[in-house]
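Coordinates as given in upload-v9.cif (mmCIF, C-alpha atoms and all ligand atoms):
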```
data_final
loop_
_atom_site.label_atom_id
_atom_site.label_comp_id
_atom_site.auth_asym_id
_atom_site.auth_seq_id
_atom_site.Cartn_x
_atom_site.Cartn_y
_atom_site.Cartn_z
CA MET A 1 0.00 0.00 0.00
CA THR A 2 1.21 3.55 -0.79
CA VAL A 3 0.99 4.61 2.83
CA TYR A 4 3.52 1.94 3.88
CA SER A 5 6.01 2.59 1.08
CA ASN A 6 5.82 6.35 1.78
CA LEU A 7 6.56 5.71 5.44
CA VAL A 8 9.55 3.48 4.63
CA LYS A 9 10.81 6.14 2.19
CA GLU A 10 10.42 8.98 4.70
CA ILE A 11 12.15 7.03 7.47
CA SER A 12 15.06 5.90 5.29
CA LYS A 13 15.57 9.46 4.03
CA TYR A 14 16.26 10.72 7.53
CA ASP A 15 17.24 7.64 9.54
CA ASP A 16 20.74 8.95 10.31
CA SER A 17 19.38 12.08 11.93
CA ILE A 18 16.25 10.78 13.72
CA ASN A 19 16.84 10.20 17.42
CA HIS A 20 13.38 9.09 18.39
CA ILE A 21 10.04 8.49 16.64
CA VAL A 22 6.76 9.02 18.47
CA LYS A 23 4.06 7.48 16.34
CA LEU A 24 0.44 8.50 16.79
CA SER A 25 -1.25 5.15 16.51
CA SER A 26 -4.61 3.93 17.78
CA MET A 27 -6.04 1.87 20.63
CA ALA A 28 -7.39 -0.33 17.85
CA ALA A 29 -3.86 -1.13 16.63
CA TYR A 30 -3.61 -4.14 18.84
CA ASP A 31 -5.77 -5.60 21.56
CA GLU A 32 -3.45 -7.73 23.70
CA GLU A 33 -6.34 -9.48 25.38
CA THR A 34 -8.21 -10.57 22.26
CA GLY A 35 -5.67 -10.19 19.45
CA PHE A 36 -8.49 -8.32 17.73
CA ALA A 37 -7.77 -5.63 15.10
CA THR A 38 -9.91 -3.48 12.83
CA THR A 39 -9.04 -2.27 9.32
CA ILE A 40 -7.76 1.09 10.58
CA GLY A 41 -6.10 -0.61 13.56
CA SER A 42 -4.32 -3.03 11.22
CA ILE A 43 -2.99 -0.14 9.13
CA HIS A 44 -1.57 1.44 12.28
CA ARG A 45 -0.07 -1.88 13.36
CA GLU A 46 1.62 -2.33 9.97
CA GLU A 47 3.05 1.20 10.30
CA GLU A 48 4.22 0.39 13.84
CA LYS A 49 6.06 -2.67 12.49
CA ILE A 50 7.88 -0.50 9.91
CA VAL A 51 8.96 1.84 12.71
CA GLU A 52 10.04 -1.13 14.87
CA GLU A 53 12.07 -2.58 12.00
CA SER A 54 13.78 0.76 11.28
CA GLY A 55 15.96 0.34 14.35
CA ILE A 56 15.21 3.94 15.41
CA PRO A 57 14.11 4.30 19.06
CA PHE A 58 10.32 4.66 19.13
CA THR A 59 7.29 5.21 21.32
CA PHE A 60 3.78 4.35 20.16
CA LEU A 61 0.77 6.31 21.41
CA ARG A 62 -2.43 4.29 21.15
CA PRO A 63 -5.35 6.55 22.06
CA PRO A 64 -9.07 5.81 21.72
CA ALA A 65 -11.42 8.34 20.02
CA PHE A 66 -10.45 12.01 20.39
CA MET A 67 -12.83 14.45 22.11
CA GLN A 68 -11.92 16.88 19.34
CA ASN A 69 -13.90 14.69 16.88
CA PHE A 70 -16.92 16.54 18.26
CA ILE A 71 -15.49 19.63 16.55
CA THR A 72 -13.87 18.17 13.43
CA GLN A 73 -16.56 15.60 12.63
CA PHE A 74 -19.75 16.71 14.42
CA GLY A 75 -19.12 20.43 14.89
CA TYR A 76 -20.98 21.59 11.79
CA THR A 77 -24.33 19.97 12.69
CA ILE A 78 -23.92 20.88 16.36
CA ARG A 79 -23.57 24.53 15.33
CA THR A 80 -26.32 24.51 12.68
CA GLN A 81 -28.83 21.91 14.00
CA ASP A 82 -28.01 21.56 17.72
CA ALA A 83 -27.47 17.85 17.07
CA PHE A 84 -24.90 15.29 16.05
CA TYR A 85 -25.62 12.12 14.10
CA VAL A 86 -23.71 8.94 14.91
CA PRO A 87 -24.56 5.23 14.47
CA GLY A 88 -23.19 4.64 17.96
CA GLY A 89 -26.11 3.14 19.93
CA ASP A 90 -25.30 3.03 23.63
CA ALA A 91 -21.62 2.28 23.05
CA LYS A 92 -19.24 3.58 25.70
CA LEU A 93 -15.94 5.17 24.66
CA SER A 94 -12.98 6.24 26.78
CA PHE A 95 -12.59 9.51 24.81
CA ILE A 96 -9.25 11.28 25.25
CA ASP A 97 -8.52 14.97 24.69
CA ALA A 98 -6.02 15.36 21.81
CA ARG A 99 -4.14 17.88 24.01
CA ASP A 100 -3.36 15.03 26.43
CA VAL A 101 -2.12 12.87 23.55
CA ALA A 102 0.13 15.75 22.45
CA ALA A 103 1.41 16.23 26.03
CA VAL A 104 2.54 12.58 26.18
CA ALA A 105 4.19 12.92 22.74
CA VAL A 106 6.15 15.98 23.92
CA LYS A 107 7.22 14.18 27.09
CA ALA A 108 8.37 11.07 25.21
CA LEU A 109 10.37 13.22 22.79
CA THR A 110 11.91 15.62 25.28
CA VAL A 111 12.02 14.20 28.83
CA ASP A 112 13.85 10.94 29.55
CA SER A 113 13.23 9.70 26.02
CA GLN A 114 15.13 6.49 26.78
CA GLN A 115 12.62 5.62 29.47
CA HIS A 116 9.85 5.68 26.83
CA THR A 117 11.76 3.78 24.16
CA GLY A 118 10.06 0.64 22.87
CA LYS A 119 6.86 1.42 24.79
CA ALA A 120 3.29 1.41 23.47
CA TYR A 121 1.05 3.64 25.58
CA THR A 122 -2.71 3.13 25.60
CA ILE A 123 -3.73 6.53 26.95
CA THR A 124 -7.43 6.93 27.79
CA SER A 125 -9.75 9.01 29.93
CA GLN A 126 -10.58 7.67 33.37
CA GLU A 127 -14.18 6.85 32.55
CA ALA A 128 -15.87 5.59 29.41
CA ILE A 129 -19.06 7.46 28.48
CA CYS A 130 -21.71 7.00 25.78
CA TYR A 131 -22.74 9.54 23.12
CA ARG A 132 -25.95 10.29 25.03
CA GLN A 133 -23.83 11.37 28.02
CA THR A 134 -21.58 13.49 25.80
CA ALA A 135 -24.69 15.28 24.49
CA GLU A 136 -25.83 15.99 28.07
CA ILE A 137 -22.39 17.34 29.02
CA LEU A 138 -22.17 19.49 25.88
CA SER A 139 -25.67 20.86 26.53
CA LYS A 140 -24.72 21.85 30.08
CA GLU A 141 -21.36 23.37 29.24
CA VAL A 142 -22.31 25.10 25.99
CA GLY A 143 -25.56 26.41 27.44
CA ARG A 144 -28.21 25.05 25.07
CA ARG A 145 -29.80 21.66 24.28
CA ILE A 146 -27.53 19.57 22.01
CA SER A 147 -28.90 16.16 20.98
CA TYR A 148 -27.32 12.88 20.02
CA ILE A 149 -29.21 11.25 17.17
CA ASP A 150 -28.45 7.53 16.91
CA ILE A 151 -28.79 6.98 13.16
CA PRO A 152 -29.19 3.68 11.27
CA GLU A 153 -26.17 2.24 9.48
CA GLU A 154 -27.64 2.92 5.98
CA ASP A 155 -28.02 6.64 6.76
CA ALA A 156 -24.47 6.84 8.10
CA ARG A 157 -23.10 5.12 4.98
CA LYS A 158 -25.08 7.40 2.69
CA GLY A 159 -23.93 10.55 4.52
CA MET A 160 -20.27 9.54 4.29
CA LYS A 161 -20.52 8.51 0.62
CA ASP A 162 -22.36 11.75 -0.26
CA SER A 163 -19.52 13.70 1.37
CA GLY A 164 -17.08 12.07 -1.08
CA MET A 165 -15.44 9.47 1.18
CA ASP A 166 -13.91 6.39 -0.47
CA ASN A 167 -15.83 3.12 -0.08
CA TRP A 168 -13.02 1.41 1.86
CA LEU A 169 -13.00 4.25 4.41
CA VAL A 170 -16.78 4.19 4.77
CA ASP A 171 -16.55 0.41 5.42
CA ALA A 172 -13.69 0.92 7.90
CA ILE A 173 -15.64 3.56 9.83
CA MET A 174 -18.77 1.40 9.90
CA GLU A 175 -16.60 -1.45 11.18
CA PHE A 176 -15.45 0.91 13.95
CA TYR A 177 -19.07 1.70 14.92
CA SER A 178 -19.99 -2.00 14.98
CA ILE A 179 -17.10 -2.93 17.26
CA ILE A 180 -17.60 -0.03 19.68
CA LYS A 181 -21.12 -1.35 20.29
CA VAL A 182 -19.60 -4.53 21.73
CA GLY A 183 -17.34 -2.57 24.06
CA HIS A 184 -14.06 -2.42 22.12
CA ALA A 185 -13.57 1.32 22.72
CA SER A 186 -14.49 1.40 26.40
CA LYS A 187 -11.24 0.18 27.91
CA THR A 188 -9.68 2.61 30.41
CA THR A 189 -6.11 2.69 31.70
CA ASN A 190 -4.12 4.69 34.27
CA VAL A 191 -1.25 5.11 31.82
CA PHE A 192 -1.80 8.84 31.30
CA GLU A 193 -1.79 9.62 35.04
CA GLU A 194 1.27 7.44 35.63
CA LEU A 195 3.20 9.25 32.89
CA MET A 196 2.00 12.80 33.46
CA ARG A 197 1.31 12.81 37.22
CA ARG A 198 -2.05 14.46 36.64
CA LYS A 199 -5.49 13.25 35.62
CA PRO A 200 -6.51 13.28 31.95
CA ILE A 201 -8.84 16.09 30.79
CA THR A 202 -12.49 15.16 31.34
CA PHE A 203 -15.18 15.54 28.69
CA SER A 204 -16.73 18.35 30.77
CA GLN A 205 -13.45 20.26 30.77
CA PHE A 206 -13.09 19.70 27.03
CA ALA A 207 -16.64 21.01 26.46
CA ARG A 208 -15.95 24.10 28.61
CA ASP A 209 -12.63 24.84 26.89
CA TYR A 210 -14.11 24.51 23.39
CA ALA A 211 -17.60 25.93 24.06
CA GLY A 212 -16.93 28.69 21.51
CA ALA A 213 -16.42 26.12 18.75
CA PHE A 214 -20.01 24.92 19.15
CA LYS A 215 -21.64 28.37 18.90
N1 LIG A 301 -9.66 11.09 15.52
C1 LIG A 301 -9.59 10.09 16.39
O1 LIG A 301 -10.50 9.84 17.19
C2 LIG A 301 -8.37 9.22 16.44
C3 LIG A 301 -8.24 8.29 17.48
C4 LIG A 301 -7.10 7.50 17.55
C5 LIG A 301 -6.11 7.64 16.59
N2 LIG A 301 -6.28 8.56 15.59
C6 LIG A 301 -5.23 8.67 14.59
O2 LIG A 301 -4.69 9.97 14.65
C7 LIG A 301 -4.31 10.41 13.35
C8 LIG A 301 -4.96 11.74 13.04
O3 LIG A 301 -6.36 11.53 13.05
P1 LIG A 301 -7.37 12.76 12.99
O4 LIG A 301 -8.73 12.20 13.24
O5 LIG A 301 -6.88 13.85 13.88
O6 LIG A 301 -7.25 13.17 11.49
P2 LIG A 301 -7.61 14.57 10.79
O7 LIG A 301 -8.61 15.32 11.58
O8 LIG A 301 -7.88 14.21 9.39
O9 LIG A 301 -6.25 15.38 10.89
C9 LIG A 301 -5.13 14.95 10.18
C10 LIG A 301 -4.13 16.08 10.23
O10 LIG A 301 -2.94 15.64 9.58
C11 LIG A 301 -2.57 16.64 8.64
N3 LIG A 301 -1.88 15.97 7.53
C12 LIG A 301 -2.39 15.07 6.68
N4 LIG A 301 -1.47 14.68 5.79
C13 LIG A 301 -0.34 15.35 6.09
C14 LIG A 301 0.96 15.39 5.56
N5 LIG A 301 1.31 14.64 4.52
N6 LIG A 301 1.87 16.21 6.12
C15 LIG A 301 1.55 16.98 7.19
N7 LIG A 301 0.33 16.99 7.74
C16 LIG A 301 -0.60 16.19 7.21
C17 LIG A 301 -3.85 17.29 8.21
O11 LIG A 301 -3.60 18.58 7.72
P3 LIG A 301 -4.68 19.38 6.82
O12 LIG A 301 -5.83 19.70 7.69
O13 LIG A 301 -3.91 20.58 6.37
O14 LIG A 301 -5.03 18.44 5.70
C18 LIG A 301 -4.63 17.32 9.52
O15 LIG A 301 -4.29 18.45 10.29
C19 LIG A 301 -4.72 9.28 12.39
O16 LIG A 301 -3.61 8.46 12.17
C20 LIG A 301 -5.77 8.54 13.18
O17 LIG A 301 -5.92 7.18 12.78
C21 LIG A 301 -7.37 9.36 15.50
#
```
Turn the structure described in the file into structure tokens.
Ligand SMILES: NC(=O)c1ccc[n+]([C@@H]2O[C@H](COP(=O)([O-])OP(=O)(O)OC[C@H]3O[C@@H](n4cnc5c(N)ncnc54)[C@H](OP(=O)(O)O)[C@@H]3O)[C@@H](O)[C@H]2O)c1
Amino acid sequence: MTVYSNLVKEISKYDDSINHIVKLSSMAAYDEETGFATTIGSIHREEEKIVEESGIPFTFLRPPAFMQNFITQFGYTIRTQDAFYVPGGDAKLSFIDARDVAAVAVKALTVDSQQHTGKAYTITSQEAICYRQTAEILSKEVGRRISYIDIPEEDARKGMKDSGMDNWLVDAIMEFYSIIKVGHASKTTNVFEELMRRKPITFSQFARDYAGAFK
């Protein structure tokens, strides 16, 4: 696949001058307990293997869904229709704030890098919550009713295809929504707190900090 050959090319171009690679991966890259991997998770795992084989010291960050998806993916309908549309049922997700992911990346690159070499960090929030709860929190923090609309799979597929997404990506995202409904995105860890000596940002804090993005 192009993505892999590009990665090999980029790494080999600079491998003499790279001291440490921090790769933004995904919690779906590898589930140690079940050996389970999704399409997008498998892509990340293949990329991780290329980094491992490069011989360059590395750290993998394996976060679950970002809180910021509520801005990048759902922000438009939240602003224009006071609602977001997701085929997510009652699935619980251990959403992480992308700022916390970035903080761990900075630490791994700048503070005691050796200590983080060869590690794969599954960094999550402390508590998994469902989309209905995120809607309640957003409503409270943004100051108006924001609704979660649990849409059928066909509607989600149509929306993504109409927006110009490739079929393989639509399938991969639908695969994600089917596996979150059986709990694959709800795992929580203490890894963030152990590394950063503070608690990860909560969804309420995220909603307060970004309230302006939903207006
Ligand atoms: N979103 C999540 O919930 C989530 C969870 C776990 C892991 N991840 C992983 O995190 C990564 C980012 O996901 P995302 O959802 O944040 O994606 P995104 O919203 O599409 O953002 C991707 C960013 O990468 C930039 N970019 C793309 N190609 C680039 C290139 N060749 N050189 C420099 N910058 C480039 C884009 O810049 P432009 O805007 O200028 O195009 C954009 O800012 C992915 O690997 C994803 O699998 C995401």
Would you mind listing, for every residue of chain A within 10 Å of ligand LIG 301 (chain A), the two atoms forming the shortest contact and the distance between them in Å to one decimal, using only C-alpha atoms and all ligand atoms, sorted by chain and ascending residue number, as a tab-separated table?
```
residue	atom	partner	partner_atom	distance
A:Asn6	CA	A:LIG301	N5	9.8
A:Lys23	CA	A:LIG301	O16	8.8
A:Leu24	CA	A:LIG301	O2	5.7
A:Ser25	CA	A:LIG301	C5	5.5
A:Ser26	CA	A:LIG301	C5	4.2
A:Met27	CA	A:LIG301	C4	6.5
A:Ala28	CA	A:LIG301	C4	7.8
A:Ala29	CA	A:LIG301	C5	9.1
A:Ile40	CA	A:LIG301	O17	6.7
A:Gly41	CA	A:LIG301	O17	7.8
A:Ile43	CA	A:LIG301	O17	8.7
A:His44	CA	A:LIG301	O17	7.2
A:Leu61	CA	A:LIG301	C5	8.5
A:Arg62	CA	A:LIG301	C4	6.7
A:Pro63	CA	A:LIG301	C4	4.9
A:Pro64	CA	A:LIG301	C4	4.9
A:Ala65	CA	A:LIG301	O1	3.3
A:Phe66	CA	A:LIG301	O1	3.9
A:Met67	CA	A:LIG301	O1	7.1
A:Gln68	CA	A:LIG301	N1	7.3
A:Asn69	CA	A:LIG301	N1	5.7
A:Phe70	CA	A:LIG301	O1	9.3
A:Ile71	CA	A:LIG301	O7	9.5
A:Thr72	CA	A:LIG301	O7	6.3
A:Gln73	CA	A:LIG301	O7	8.0
A:Phe95	CA	A:LIG301	O1	7.9
A:Ile96	CA	A:LIG301	O1	8.3
A:Asp97	CA	A:LIG301	O1	9.3
A:Ala98	CA	A:LIG301	O5	8.1
A:Val101	CA	A:LIG301	C4	9.5
```
Checklist entry - Using only C-alpha atoms, which residue out of A:Glu53, A:Asp112, A:Asp166, A:Glu127 lies closest to A:Lys92? => result A:Glu127
Checklist entry - Residues at most 10 Å from stretch 147-160 of chain A, counting only C-alpha atoms, excluding those fewer than 4 positions away in the same chain, as a ChimeraX atom specification? => result /A:78,81-90,130-136,138-139,164-167,169-171,173-174,177-178
Item to check | Proximity to A:Val104 - best of A:Ala213, A:Leu7, A:Val191, A:Ala185, all atoms listed in the file | outcome: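 Closest candidate: A:Val191.
With distances restricted to only C-alpha atoms, A:Ile50 is the closest residue to A:Ser5 from A:Ile123, A:Ile50, A:Arg45, A:Val142.
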Checklist entry - In terms of the shortest atom-to-atom distance over all atoms listed in the file, which of A:Tyr30, A:Phe36, A:Trp168, A:Tyr121 is closest to A:Phe60? => result A:Tyr121
Checklist entry - So, counting all atoms listed in the file, which residue among A:Ser94, A:Thr80, A:Ser12, A:Thr117 is closest to A:Phe214? => result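 Among A:Ser94, A:Thr80, A:Ser12, A:Thr117, it is A:Thr80 that comes nearest to A:Phe214.
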Item to check | Proximity to A:Arg79 - best of A:Lys161, A:Arg144, A:Lys181, A:Lys187, only C-alpha atoms | outcome: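 Of A:Lys161, A:Arg144, A:Lys181, A:Lys187, the one nearest A:Arg79 is A:Arg144, counting only C-alpha atoms.
When atom CA of A:Leu195 is paired with atom CA of A:Ala108, their separation reads 9.4 Å.
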Checklist entry - Between atom CA of A:Ile21 and atom CA of A:Thr124, what is the distance, to one decimal in Å? => result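 Those two atoms sit 20.8 Å apart.
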Next on the checklist: One decimal, in Å: what's the spacing between atom CA of A:His20 and atom CA of A:Thr39?
Outcome noted: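 Answer for the atom CA of A:His20 to atom CA of A:Thr39 separation: 26.7 Å.
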Item to check | Distance query A:Asp16 at most 12 Å, only C-alpha atoms, self and fewer than 4 positions along chain excluded, as a PyMOL selection string | outcome: chain A and resi 10-12+20+54-57
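Those DNA, RNA and protein residues that approach the point (6.2, 14.7, 22.5) to within 9 Å, considering only C-alpha atoms, are Val22, Val101, Ala102, Ala103, Val104, Ala105, Val106, Lys107, Ala108, Leu109, Thr110 and Val111 of chain A.
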